[in-house]
>>> print(open('coords_26.txt').read())   # compact mmCIF, C-alpha atoms
# COMPACT_ATOMS: atom_id res chain seq x y z
CA TRP H 239 211.41 219.04 146.24
CA TYR H 240 212.03 216.18 148.68
CA HIS H 241 209.65 217.69 151.23
CA PHE H 242 206.97 218.24 148.57
CA THR H 243 207.29 214.65 147.32
CA PHE H 244 207.15 213.24 150.84
CA VAL H 245 204.01 215.25 151.63
CA ALA H 246 202.36 214.26 148.31
CA ILE H 247 203.05 210.58 148.90
CA SER H 248 201.85 210.81 152.50
CA VAL H 249 198.60 212.50 151.43
CA ALA H 250 198.04 209.86 148.71
CA LEU H 251 198.64 207.01 151.15
CA PHE H 252 196.39 208.64 153.74
CA GLY H 253 193.60 209.02 151.17
CA TRP H 254 194.02 205.44 150.00
CA GLY H 255 193.96 204.30 153.63
CA LEU H 256 190.67 206.09 154.25
CA LEU H 257 189.08 204.38 151.25
CA PHE H 258 190.45 200.96 152.21
CA TRP H 259 189.64 201.02 155.90
CA GLY H 260 186.25 202.64 155.29
CA LEU H 261 185.29 199.76 153.03
CA ALA H 262 186.91 197.13 155.26
CA ARG H 263 185.11 198.36 158.39
CA GLY H 264 181.80 198.34 156.56
CA GLY H 265 182.27 194.66 155.73
CA ASP H 266 180.31 193.03 152.95
CA ASP H 267 177.34 195.29 153.74
CA ALA H 268 179.29 198.39 152.71
CA ARG H 269 177.88 200.03 149.59
CA VAL H 270 179.91 200.17 146.39
CA SER H 271 179.11 201.66 142.99
CA VAL H 272 179.78 200.18 139.55
CA ARG H 273 179.50 201.85 136.15
CA VAL H 274 177.71 199.29 133.99
CA LEU H 275 177.15 198.82 130.25
CA ASP H 276 179.42 201.75 129.32
CA LEU H 277 181.02 199.90 126.40
CA LEU H 278 177.64 199.54 124.67
CA LYS H 279 177.19 203.34 124.41
CA LEU H 280 173.44 202.94 124.89
CA ARG H 281 170.89 205.58 124.00
CA GLU H 282 167.89 203.59 125.18
CA LEU H 283 167.07 200.67 127.47
CA GLY H 284 164.25 199.05 129.36
CA VAL H 285 164.13 198.16 133.05
CA GLY H 286 161.59 195.68 134.38
CA ALA H 287 160.51 194.31 137.75
CA VAL H 288 161.43 190.69 138.46
CA ALA H 289 159.01 190.15 141.33
CA ARG H 290 157.65 193.15 143.21
CA PRO H 291 157.11 196.52 141.52
CA LEU H 292 160.13 198.80 141.37
CA GLN H 293 160.50 202.11 143.14
CA VAL H 294 161.36 204.97 140.81
CA ASP H 295 162.67 208.38 141.83
CA LEU H 296 162.82 211.01 139.09
CA ASP H 297 164.94 214.14 139.29
CA PRO H 298 163.46 216.61 140.13
CA GLU H 299 160.10 214.89 140.82
CA ALA H 300 159.26 211.71 142.77
CA ALA H 301 157.37 209.09 140.75
CA GLY H 302 156.44 206.12 142.93
CA GLU H 303 156.09 202.52 141.70
CA ALA H 304 156.33 200.94 138.25
CA ARG H 305 156.73 197.47 136.79
CA SER H 306 158.44 198.64 133.61
CA ILE H 307 160.50 201.71 132.80
CA SER H 308 161.67 202.82 129.35
CA VAL H 309 164.58 205.24 129.20
CA ARG H 310 165.97 206.96 126.11
CA LEU H 311 167.85 209.98 124.90
CA ASP H 312 166.05 212.20 122.43
CA GLY H 313 167.68 213.84 119.41
CA ARG H 314 169.14 216.59 121.58
CA GLY H 315 170.61 214.14 124.08
CA ALA H 316 168.02 214.91 126.76
CA LEU H 317 166.68 212.13 129.00
CA SER H 318 163.10 210.90 128.50
CA VAL H 319 161.38 208.37 130.76
CA CYS H 320 158.19 206.34 130.32
CA LEU H 321 156.65 204.44 133.27
CA ASP H 322 154.33 201.47 132.68
CA GLN H 323 153.50 202.46 129.08
CA GLY H 324 152.44 205.93 130.19
CA ALA H 325 153.37 209.20 128.58
CA GLU H 326 157.00 210.12 128.15
CA GLN H 327 158.32 212.73 130.53
CA PRO H 328 161.64 214.56 130.71
CA ALA H 329 163.97 214.02 133.65
CA LYS H 330 167.46 215.06 134.67
CA GLY H 331 168.03 211.57 136.01
CA LEU H 332 166.34 208.65 137.71
CA ARG H 333 166.96 206.08 140.40
CA ILE H 334 165.40 202.62 140.21
CA TYR H 335 165.41 200.11 143.07
CA SER H 336 163.49 197.29 144.65
CA GLY H 337 161.33 198.41 147.52
CA ASP H 338 162.25 195.44 149.73
CA GLY H 339 165.99 196.13 149.40
CA VAL H 340 166.87 192.59 148.28
CA GLY H 341 165.01 192.21 145.00
CA THR H 342 166.44 192.71 141.54
CA CYS H 343 165.60 194.64 138.41
CA ARG H 344 166.03 193.33 134.87
CA VAL H 345 167.74 195.44 132.20
CA ALA H 346 167.01 194.87 128.51
CA ALA H 347 169.30 196.55 125.99
CA ALA H 348 170.49 195.97 122.44
CA GLY H 349 173.60 193.83 122.12
CA ILE H 350 173.36 191.81 125.36
CA PRO H 351 171.13 189.20 126.99
CA ASP H 352 168.87 190.62 129.69
CA ARG H 353 170.74 191.23 132.96
CA GLU H 354 169.52 191.37 136.53
CA TYR H 355 171.00 193.77 139.07
CA ARG H 356 170.57 193.96 142.82
CA GLY H 357 170.65 197.32 144.60
CA SER H 358 169.78 200.49 142.71
CA LEU H 359 170.37 201.77 139.18
CA GLU H 360 171.05 205.48 138.73
CA ILE H 361 170.66 206.66 135.13
CA THR H 362 171.69 210.03 133.72
CA ALA H 363 172.61 211.47 130.32
CA GLY H 364 176.27 212.05 129.56
CA LYS H 365 178.02 212.92 126.30
CA GLY H 366 175.28 211.51 124.08
CA VAL H 367 174.88 208.17 125.87
CA LEU H 368 173.17 206.82 128.95
CA ARG H 369 175.31 206.66 132.09
CA ILE H 370 174.26 203.84 134.40
CA VAL H 371 175.63 203.30 137.91
CA ASN H 372 174.70 200.24 139.98
CA ARG H 373 174.92 200.85 143.73
CA LEU H 374 174.79 197.72 145.88
CA PRO H 375 176.29 195.98 148.92
CA LEU H 376 179.88 194.77 148.50
CA GLY H 377 178.86 191.16 149.10
CA ASP H 378 176.39 191.22 146.20
CA TYR H 379 179.04 192.81 143.97
CA LEU H 380 181.55 190.07 144.88
CA ALA H 381 179.03 187.34 144.04
CA GLY H 382 178.42 189.00 140.68
CA VAL H 383 182.15 189.16 139.95
CA ILE H 384 182.72 185.48 140.76
CA GLY H 385 179.80 184.42 138.56
CA SER H 386 180.86 186.73 135.72
CA GLU H 387 184.49 185.60 135.81
CA GLY H 388 183.44 182.04 134.98
CA GLY H 389 184.10 180.48 138.36
CA ALA H 390 180.56 179.50 139.39
CA ASP H 391 181.12 175.76 138.81
CA ALA H 392 184.47 175.58 140.63
CA PRO H 393 185.00 173.58 143.85
CA PRO H 394 183.89 175.39 147.04
CA GLU H 395 187.45 176.17 148.21
CA VAL H 396 188.24 177.78 144.85
CA LEU H 397 185.10 179.89 145.10
CA LYS H 398 186.28 181.02 148.53
CA ALA H 399 189.71 181.91 147.14
CA GLN H 400 188.06 183.88 144.33
CA ALA H 401 185.84 185.67 146.85
CA VAL H 402 188.89 186.72 148.86
CA LEU H 403 190.67 188.01 145.75
CA ALA H 404 187.60 189.87 144.49
CA ARG H 405 187.15 191.49 147.92
CA THR H 406 190.86 192.34 148.08
CA PHE H 407 190.69 194.00 144.66
CA ALA H 408 187.66 196.01 145.75
CA CYS H 409 189.40 197.19 148.92
CA ARG H 410 192.53 198.17 147.02
CA HIS H 411 190.85 199.97 144.11
CA ARG H 412 187.71 201.59 145.49
CA GLY H 413 187.08 204.99 143.89
CA ARG H 414 188.89 204.09 140.69
CA HIS H 415 186.39 205.73 138.33
CA GLY H 416 185.51 209.02 139.98
CA ASP H 417 181.71 208.93 139.80
CA ALA H 418 181.81 205.21 140.63
CA ASP H 419 184.14 202.84 142.44
CA PHE H 420 184.54 200.37 139.58
CA CYS H 421 183.59 199.65 135.97
CA ASP H 422 182.09 196.32 134.90
CA THR H 423 184.88 195.29 132.49
CA THR H 424 188.17 193.46 133.02
CA HIS H 425 189.82 196.86 133.56
CA CYS H 426 188.45 196.36 137.08
CA GLN H 427 186.67 193.01 137.49
CA LEU H 428 184.18 191.53 135.05
CA TYR H 429 180.71 192.11 136.48
CA GLN H 430 177.45 191.19 134.75
CA GLY H 431 175.04 191.62 137.61
CA ARG H 432 173.40 188.42 138.84
CA ALA H 433 174.42 186.37 135.79
CA SER H 434 175.73 182.95 136.89
CA VAL H 435 175.39 183.76 140.60
CA THR H 436 174.60 180.46 142.32
CA PRO H 437 173.93 179.47 145.95
CA ALA H 438 177.48 178.06 146.06
CA VAL H 439 178.90 181.44 145.01
CA GLU H 440 176.87 183.28 147.63
CA GLU H 441 177.96 180.79 150.28
CA ALA H 442 181.63 181.36 149.37
CA VAL H 443 181.16 185.10 149.88
CA ARG H 444 179.45 184.53 153.25
CA ALA H 445 182.05 181.99 154.40
CA THR H 446 184.93 184.42 153.74
CA ALA H 447 183.17 187.56 154.98
CA GLY H 448 185.77 190.23 155.74
CA GLU H 449 188.74 188.19 154.50
CA ILE H 450 191.32 189.91 152.33
CA LEU H 451 194.83 188.94 151.22
CA THR H 452 197.56 191.29 152.41
CA TRP H 453 201.27 191.96 151.98
CA GLN H 454 202.92 194.01 154.73
CA GLY H 455 199.48 195.03 155.97
CA ALA H 456 198.12 196.31 152.63
CA PRO H 457 195.82 194.57 150.12
CA VAL H 458 197.75 192.66 147.46
CA ARG H 459 197.46 193.04 143.69
CA ALA H 460 194.76 190.41 143.34
CA VAL H 461 195.43 189.13 139.82
CA TYR H 462 194.35 185.79 138.41
CA HIS H 463 193.95 184.00 135.11
CA SER H 464 192.37 180.86 133.67
CA THR H 465 195.26 178.41 133.12
CA CYS H 466 199.02 178.61 133.69
CA GLY H 467 199.96 175.35 131.95
CA GLY H 468 202.31 174.24 134.74
CA ALA H 469 203.92 177.45 136.02
CA THR H 470 202.66 180.95 136.75
CA ARG H 471 204.61 183.91 135.47
CA PRO H 472 206.58 186.70 137.18
CA PHE H 473 204.78 190.04 137.12
CA ALA H 474 207.79 191.76 135.54
CA ASP H 475 207.96 189.24 132.68
CA ALA H 476 204.35 189.93 131.75
CA TRP H 477 204.22 193.71 132.01
CA GLY H 478 207.82 194.88 131.83
CA ARG H 479 207.96 196.70 135.15
CA PRO H 480 208.93 195.56 138.65
CA GLY H 481 206.28 193.70 140.58
CA PRO H 482 205.82 192.71 144.22
CA PRO H 483 207.71 189.68 145.57
CA TYR H 484 204.55 187.61 145.97
CA LEU H 485 204.01 187.75 142.18
CA GLY H 486 207.32 186.15 141.27
CA GLY H 487 205.75 183.04 139.75
CA VAL H 488 205.37 179.48 141.09
CA ALA H 489 205.37 176.02 139.50
CA ASP H 490 202.19 174.03 140.12
CA GLY H 491 203.10 171.07 137.93
CA ASP H 492 200.05 169.56 136.28
CA ALA H 493 197.49 170.98 138.73
CA CYS H 494 195.61 172.61 135.82
CA ARG H 495 195.82 169.59 133.50
CA GLU H 496 192.00 169.33 133.38
CA SER H 497 191.80 172.71 131.65
CA PRO H 498 190.98 172.60 127.93
CA HIS H 499 193.80 175.13 127.55
CA PHE H 500 196.52 173.16 129.38
CA ARG H 501 198.09 172.39 125.99
CA TRP H 502 197.08 173.95 122.68
CA GLU H 503 198.18 174.42 119.10
CA PHE H 504 197.36 177.14 116.62
CA ARG H 505 198.24 177.24 112.92
CA ILE H 506 198.14 180.31 110.73
CA ARG H 507 199.03 180.80 107.05
CA HIS H 508 202.37 182.49 106.40
CA ALA H 509 200.79 185.46 104.62
CA ASP H 510 198.25 185.98 107.42
CA CYS H 511 200.96 185.71 110.07
CA MET H 512 203.13 188.29 108.32
CA GLU H 513 200.12 190.61 107.98
CA LEU H 514 199.54 190.25 111.73
CA LEU H 515 203.20 191.00 112.49
CA ARG H 516 203.15 194.01 110.17
CA ALA H 517 200.19 195.40 112.14
CA LEU H 518 201.87 194.69 115.49
CA ALA H 519 205.52 195.55 114.81
CA GLY H 520 205.54 197.45 111.51
CA GLY H 521 208.10 197.16 108.73
CA HIS H 522 208.25 194.27 106.26
CA PRO H 523 208.30 191.09 108.38
CA VAL H 524 209.43 187.77 106.92
CA ALA H 525 209.78 185.53 110.01
CA LEU H 526 209.17 185.23 113.75
CA GLU H 527 211.13 183.63 116.57
CA VAL H 528 211.26 183.59 120.35
CA ALA H 529 214.17 185.83 121.38
CA GLU H 530 213.90 185.31 125.13
CA ALA H 531 211.76 183.12 127.38
CA GLY H 532 211.42 183.16 131.14
CA PRO H 533 210.59 180.50 133.74
CA GLY H 534 208.03 177.97 132.57
CA GLY H 535 208.59 178.88 128.93
CA TRP H 536 206.67 182.19 129.09
CA VAL H 537 207.86 184.43 126.26
CA ARG H 538 209.51 187.65 127.35
CA TRP H 539 210.54 188.89 123.90
CA LEU H 540 209.85 187.94 120.31
CA ALA H 541 212.07 188.84 117.35
CA VAL H 542 210.20 189.89 114.22
CA ARG H 543 212.67 189.37 111.37
CA GLN H 544 212.53 191.98 108.62
CA GLN H 545 213.13 191.84 104.88
CA ASP H 546 216.32 193.91 105.23
CA GLY H 547 217.83 191.46 107.73
CA SER H 548 217.08 193.52 110.85
CA ALA H 549 214.81 192.43 113.69
CA ARG H 550 212.19 194.26 115.72
CA ARG H 551 211.53 193.18 119.31
CA LEU H 552 208.01 192.66 120.57
CA ARG H 553 207.13 191.88 124.18
CA GLY H 554 205.47 188.49 124.55
CA GLU H 555 202.43 189.66 126.51
CA GLU H 556 201.87 192.58 124.13
CA PHE H 557 201.86 190.10 121.23
CA HIS H 558 199.41 187.82 123.06
CA ASN H 559 197.04 190.68 123.85
CA ARG H 560 197.08 192.37 120.46
CA ALA H 561 196.91 189.09 118.54
CA GLY H 562 193.95 188.08 120.71
CA ARG H 563 192.04 191.22 119.74
CA ARG H 564 192.62 190.51 116.04
CA LEU H 565 192.37 186.70 115.87
CA GLY H 566 190.14 185.90 118.85
CA TRP H 567 191.22 184.81 122.31
CA ASN H 568 191.10 181.09 121.47
CA ALA H 569 193.83 181.44 118.83
CA ILE H 570 197.09 182.35 120.60
CA ARG H 571 195.79 181.76 124.10
CA SER H 572 198.78 182.89 126.14
CA ALA H 573 202.36 184.11 125.79
CA CYS H 574 203.67 180.67 126.78
CA PHE H 575 204.50 179.09 123.43
CA THR H 576 207.09 178.02 120.89
CA VAL H 577 206.72 178.94 117.24
CA ARG H 578 208.04 177.38 114.04
CA ARG H 579 207.32 177.42 110.33
CA GLU H 580 205.98 174.34 108.55
CA GLY H 581 205.66 174.89 104.81
CA ASP H 582 203.15 177.69 104.25
CA ALA H 583 202.06 177.77 107.91
CA TRP H 584 203.36 179.01 111.24
CA VAL H 585 202.68 176.67 114.15
CA PHE H 586 202.30 177.93 117.71
CA GLU H 587 202.46 175.22 120.37
CA GLY H 588 201.49 176.62 123.71
CA ARG H 589 200.33 176.15 127.27
CA GLY H 590 197.86 178.05 129.38
CA PHE H 591 195.22 180.72 128.85
CA GLY H 592 195.55 184.34 129.98
CA HIS H 593 198.40 186.47 131.27
CA GLY H 594 199.73 183.79 133.63
CA VAL H 595 200.24 186.02 136.70
CA GLY H 596 198.88 185.27 140.18
CA LEU H 597 196.27 182.61 140.85
CA CYS H 598 195.68 179.95 138.20
CA GLN H 599 191.94 179.19 138.37
CA TRP H 600 192.17 175.69 136.89
CA GLY H 601 195.26 174.98 138.98
CA ALA H 602 193.44 176.09 142.12
CA ALA H 603 190.62 173.68 141.21
CA GLY H 604 193.14 170.84 140.86
CA LEU H 605 194.68 171.64 144.25
CA ALA H 606 191.22 171.87 145.86
CA ARG H 607 190.44 168.36 144.59
CA GLN H 608 193.61 167.22 146.37
CA GLY H 609 192.18 168.55 149.65
CA TRP H 610 193.73 172.04 149.81
CA ASP H 611 191.60 174.73 151.46
CA HIS H 612 191.35 178.29 150.17
CA ALA H 613 193.92 179.66 152.63
CA ARG H 614 196.54 177.15 151.48
CA ILE H 615 195.74 177.78 147.81
CA LEU H 616 196.16 181.54 148.22
CA ALA H 617 199.39 181.14 150.21
CA PHE H 618 200.78 178.95 147.41
CA TYR H 619 200.01 181.27 144.50
CA PHE H 620 200.83 184.45 146.49
CA PRO H 621 203.82 183.34 148.63
CA GLY H 622 204.59 185.45 151.67
CA THR H 623 201.13 187.03 151.89
CA SER H 624 198.75 186.86 154.84
CA LEU H 625 195.04 186.14 154.96
CA ARG H 626 193.41 188.76 157.16
CA ARG H 627 189.84 189.13 158.40
CA GLU H 628 188.54 192.66 158.99
>>> encode(input="coords_26.txt", output="structure tokens")
Amino acid sequence: WYHFTFVAISVALFGWGLLFWGLARGGDDARVSVRVLDLLKLRELGVGAVARPLQVDLDPEAAGEARSISVRLDGRGALSVCLDQGAEQPAKGLRIYSGDGVGTCRVAAAGIPDREYRGSLEITAGKGVLRIVNRLPLGDYLAGVIGSEGGADAPPEVLKAQAVLARTFACRHRGRHGDADFCDTTHCQLYQGRASVTPAVEEAVRATAGEILTWQGAPVRAVYHSTCGGATRPFADAWGRPGPPYLGGVADGDACRESPHFRWEFRIRHADCMELLRALAGGHPVALEVAEAGPGGWVRWLAVRQQDGSARRLRGEEFHNRAGRRLGWNAIRSACFTVRREGDAWVFEGRGFGHGVGLCQWGAAGLARQGWDHARILAFYFPGTSLRRE
């Protein structure tokens, strides 16, 4: 058994190493693939040229150029394609790309604003919906992640720090989704194509080309959040399992004080709060209290008091996440709070926005305004790590 386990672990590490070093050696020109728009479960969409006509390859036939492409699934789930308002034709799949290699294509679909993507789009039919994979250079993907994650207006050194973390994540997790390296949701990194990509974002990617953050020679867990409220949180406190030493939490004082989420308050009617707790913890809840808090006031455990006098424990981050899905993310914005009852209401007084682990984006901005560069910012929020250029 020991020998089998050793061999299995060795093979897994070897495979991971091949993925990591293959991407690292390719630099920001290495190609990555991203599954996009999966959550929308689309059955039709339109793709248009932004500047020059698009190149379209149909499987099994080549098609040539087009300025607009309509794609849909028919009633049997088969793929149909229409080029430049021409006749519909069946296809097993299609590939759309800009002929000059640097242009973009615009995707129009129900439920989202139009999005522009660099690289190529490969579209196939799968389980009754369209499957769309965006293949593009790593550098363009990183720029899209930084813009999509809301960091486009941050100071230049923060953009560089975000570029390093996005590249580190990509190196660590390439191949995560089988037919594609990444998805476009926060399960991987939020990616909305060229939305909010600015010259400053692209410059941050260029300025940090090849830089990743490492711990003992391997890419770190590159996690970040909006606002810590004064102290980041240990990995174990957030997710209930041991984390690496560099994610033990640090105090950054009031570095993120400019954030609109530095301090917040949320009030909810007693009946609505008990309904929420019933959905989250079950039973017949009558009250809520913080059972255990960690450094910085981040809630480890909540006690949901029951009608029969018992209490059910609920992890703080689980409560934050599940309450956010039900009430909206601007209600209970983090698991760093105190809670009390006032008459017919429960009052949550809190700090921060997000899970609180790793880099605090607003805190990094505050430190950058004090003159810190991206290397110092990363070393502060991920103590003991090394910045490495491949």
>>> atom_distance(input="coords_26.txt", atom1="atom CA of Trp539 of chain H", atom2="atom CA of Leu552 of chain H")
5.6 Å
>>> atom_distance(input="coords_26.txt", atom1="atom CA of Gln430 of chain H", atom2="atom CA of Ile384 of chain H")
9.8 Å
>>> residues_near_point(input="coords_26.txt", point="(158.3, 198.8, 137.5)", cutoff="8 Å", atoms="all atoms listed in the file", output="PDB file with C-alpha atoms, keeping the file's coordinate frame")
ATOM      1  CA  VAL H 285     164.130 198.160 133.050  1.00  0.00           C
ATOM      2  CA  GLY H 286     161.590 195.680 134.380  1.00  0.00           C
ATOM      3  CA  ALA H 287     160.510 194.310 137.750  1.00  0.00           C
ATOM      4  CA  PRO H 291     157.110 196.520 141.520  1.00  0.00           C
ATOM      5  CA  LEU H 292     160.130 198.800 141.370  1.00  0.00           C
ATOM      6  CA  GLN H 293     160.500 202.110 143.140  1.00  0.00           C
ATOM      7  CA  VAL H 294     161.360 204.970 140.810  1.00  0.00           C
ATOM      8  CA  GLU H 303     156.090 202.520 141.700  1.00  0.00           C
ATOM      9  CA  ALA H 304     156.330 200.940 138.250  1.00  0.00           C
ATOM     10  CA  ARG H 305     156.730 197.470 136.790  1.00  0.00           C
ATOM     11  CA  SER H 306     158.440 198.640 133.610  1.00  0.00           C
ATOM     12  CA  ILE H 307     160.500 201.710 132.800  1.00  0.00           C
ATOM     13  CA  LEU H 321     156.650 204.440 133.270  1.00  0.00           C
ATOM     14  CA  ASP H 322     154.330 201.470 132.680  1.00  0.00           C
TER      15      ASP H 322
END
>>> closest_residue(input="coords_26.txt", among="H:Arg516, H:Arg589, H:His425, H:Arg550", to="Asp492 of chain H", atoms="all atoms listed in the file")
H:Arg589
>>> axis_aligned_box(input="coords_26.txt", around="segment 578-594 of chain H", padding_each_side="6 Å", output="JSON")
{"center_x": 201.6, "center_y": 180.4, "center_z": 118.9, "size_x": 24.8, "size_y": 24.1, "size_z": 41.4}
>>> closest_residue(input="coords_26.txt", among="H:Glu282, H:Asp266, H:Glu513, H:Asp338", to="Val309 of chain H", atoms="only C-alpha atoms")
H:Glu282
>>> closest_residue(input="coords_26.txt", among="H:Arg563, H:Arg405, H:Lys398, H:Arg333", to="Glu628 of chain H", atoms="only C-alpha atoms")
H:Arg405
>>> atom_distance(input="coords_26.txt", atom1="atom CA of Thr623 of chain H", atom2="atom CA of Thr452 of chain H")
5.6 Å
>>> closest_residue(input="coords_26.txt", among="H:Arg579, H:Arg290, H:His522, H:Arg273", to="Gly416 of chain H", atoms="only C-alpha atoms")
H:Arg273
>>> closest_residue(input="coords_26.txt", among="H:Ala549, H:Ala493, H:Ala399, H:Leu597", to="Thr446 of chain H", atoms="only C-alpha atoms")
H:Ala399
>>> residues_near_point(input="coords_26.txt", point="(203.5, 198.0, 113.6)", cutoff="12 Å", atoms="all atoms listed in the file", output="NGL selection string")
:H and (512-523 or 542 or 544 or 550-552 or 556-557 or 560)
>>> closest_residue(input="coords_26.txt", among="H:Val524, H:Leu280, H:Leu368, H:Val435", to="Gly385 of chain H", atoms="all atoms listed in the file")
H:Val435
>>> residues_around(input="coords_26.txt", residues="Gly339 of chain H", least_positions_apart="6", cutoff="9 Å", atoms="all atoms listed in the file", output="ChimeraX atom specification")
/H:356-358
>>> residues_around(input="coords_26.txt", residues="Arg626 of chain H", least_positions_apart="5", cutoff="8 Å", atoms="all atoms listed in the file", output="list in words")
Gly448, Glu449, Ile450, Leu451 and Thr452 of chain H
>>> write_last_selection(input="coords_26.txt", atoms="C-alpha atoms", output="PDB file, in the frame of the given file")
ATOM      1  CA  GLY H 448     185.770 190.230 155.740  1.00  0.00           C
ATOM      2  CA  GLU H 449     188.740 188.190 154.500  1.00  0.00           C
ATOM      3  CA  ILE H 450     191.320 189.910 152.330  1.00  0.00           C
ATOM      4  CA  LEU H 451     194.830 188.940 151.220  1.00  0.00           C
ATOM      5  CA  THR H 452     197.560 191.290 152.410  1.00  0.00           C
TER       6      THR H 452
END
>>> residues_around(input="coords_26.txt", residues="Pro375 of chain H", least_positions_apart="4", cutoff="7 Å", atoms="all atoms listed in the file", output="tab-separated table (two decimals) with C-alpha atoms, in the frame of the given file")
chain	number	residue	atom	x	y	z
H	266	ASP	CA	180.31	193.03	152.95
H	267	ASP	CA	177.34	195.29	153.74
H	268	ALA	CA	179.29	198.39	152.71
H	269	ARG	CA	177.88	200.03	149.59
H	270	VAL	CA	179.91	200.17	146.39
H	379	TYR	CA	179.04	192.81	143.97
>>> residues_around(input="coords_26.txt", residues="Val458 of chain H", least_positions_apart="5", cutoff="10 Å", atoms="all atoms listed in the file", output="PyMOL selection string")
chain H and resi 403+406-407+409-410+450-453+482+484-485+620+623-624
